[in-house]
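Encoded as structure tokens, the structure appears first; notes follow it.
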There are 2 protein chains.
Amino acid sequence: MSKKSLKLKKVEVSRARVLDAAAHIFRERGFVGTTMRAIAQDAGIEAGSIYYHFKSKDELIGAVLDFGITALQGSVTNAVDKLPKYATPKERIKTAINAHVSAIVKYGDYTLAMRRVFGQVPSNVWRKHVKLREEYGDFWHNLLANAQKQGGLRKDIDLTIARLFLLGGLNWTVEWFKPKKHSLEQIAESFASLILEGMKSK
Amino acid sequence: MSKKSLKLKKVEVSRARVLDAAAHIFRERGFVGTTMRAIAQDAGIEAGSIYYHFKSKDELIGAVLDFGITALQGSVTNAVDKLPKYATPKERIKTAINAHVSAIVKYGDYTLAMRRVFGQVPSNVWRKHVKLREEYGDFWHNLLANAQKQGGLRKDIDLTIARLFLLGGLNWTVEWFKPKKHSLEQIAESFASLILEGMKSK
DNA sequence: GTCTATAGGGAGATAGAC
DNA sequence: GTCTATCTCCCTATAGAC
């Protein structure tokens, strides 16, 4: 049986359910506040059974963190790569903003888990994970650097500060976004307009 | 003896030391990850003694959260109020950005504690605190609304989205700011330029 | 694969001495 | 005001049955 079969094996389903449950509970209670019992209950099994899939709480949070950033990076790079070659730097940035905001909301449990456990995760786990985060930061840095090189962005802006400011503003969305109150497309559109055009009247 | 005497009574000094220690540890470990024993050690006393000043861990985090947002709001409103009456909307916004960024770094333990314990604090404690946060949000909302009314900001921007985006970007600073690597003034200046003028080349 | 039972370690909070 | 001692509860992780 191929590993890429669409039908997942039982063990893969169980593992995925535990991972989802873990993201959900880590998101609500942070790392230390999360108990294996709470994750187990959310996943519909007993606490002891988690250890068949993950050998410790540390390994579990590591898997949640890595899955979250990987899913986010995959969504965004995929969206940008689909653009035609002649797409302008501004279009690329707008697309990335839209994809980023959509993804952090779509993978809300994972995204918020990442925020909540910041600074609570054992340092050896965090060090491993941080490399993935930096890759994603580099993606954005290159996006902005190319735009600047091609004349789409002001030459006087510090790209590192701009990137951290922009991503800080985008990521905050998960904390206040309510699907019933706002449309994601409109929010992403507003963000792009704010960071590209500024809010000053002309 | 007046309560407003500059010389603090012993009990006030102790209480302040416990509060500072609590902010420091909550910042590092989140709410659930923080132990009363760790706070006590940081404050130079024994765990049992904390209960002379605060009657529970819940009351302690409540005090840290309230002090943090109050200090932040005080710093920012104070800076803006000092501006001359004829200051332009743009100047007011720049001043507020500068004061906000300075304050969140100055009160770093309290600011970061607020971020870390998000979603981990018992809901009755959080509900009380959230009112103070909303007051500060209102302050920013009015600042932007006045600027827009006076023609300093584009009429087509949604002030709520703009405010959440801006504050999200500003608040993220505490996570990456390193005094040896950056100057706070330069960062605040960059933020103001980004949000007001935009990063697109003209 | 998942269960139950439990070992071993800390947690928050209180009481009473000083 | 602060300390020490302690009650009671709940945590992670393991072992062995099914």
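Just remember, in the structure tokens the first chain shown is A, the second B, etc., residues are 1-based per chain, and ligands are 1-based in the order shown.
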
Review point. Mind listing as a ChimeraX atom specification which residues of chain B are within 12 Å of chain D, counting only C-alpha atoms (C1' of nucleotides)?
Key: /B:10-15,40,44-53

Exercise for review: Provide as an NGL selection string the residues of chain B at most 7 Å from chain A, counting only C-alpha atoms.
Suggested key: :B and (28-30 or 32-33 or 116 or 119-120 or 151-154 or 165-166 or 168-170 or 172 or 194-201)

Per residue of chain C within 10 Å of chain A, what are the shortest atom pair and its distance in Å to one decimal, counting only C-alpha atoms (C1' of nucleotides), with rows by chain and residue number, as a tab-separated table?
residue	atom	partner	partner_atom	distance
C:DG1	C1'	A:Tyr52	CA	7.6
C:DT2	C1'	A:Ser49	CA	5.8
C:DC3	C1'	A:Glu46	CA	7.5
C:DT4	C1'	A:Gly48	CA	9.1

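Separating CA of Gln150 (chain B) from CA of Thr95 (chain B) is a distance of 17.2 Å.
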
Point to revise | All helix (DSSP H, G or I) positions in chain A, as a PyMOL selection string | key: chain A and resi 10-29+36-43+47-53+57-81+89-106+108-117+123-149+159-171+173-176+184-197

Practice item. Excluding His24 (chain A) and any residue of its chain fewer than 5 positions from it, enumerate the residues within 12 Å of it, using only C-alpha atoms (C1' of nucleotides), and give them as an MDAnalysis selection string. Key: chainID A and resid 17:19 29:31 34:35 38:43 61 64 68 107:114 116

Practice item. Quote the spacing between CA of Lys178 (chain B) and CA of Ala99 (chain B) in Å to one decimal place. Key: 17.5 Å

Point to revise | Counting only C-alpha atoms, the residue of B:Lys94, B:Ala71, B:Thr160, B:Val80 that sits nearest Asp138 (chain B) | key: B:Thr160
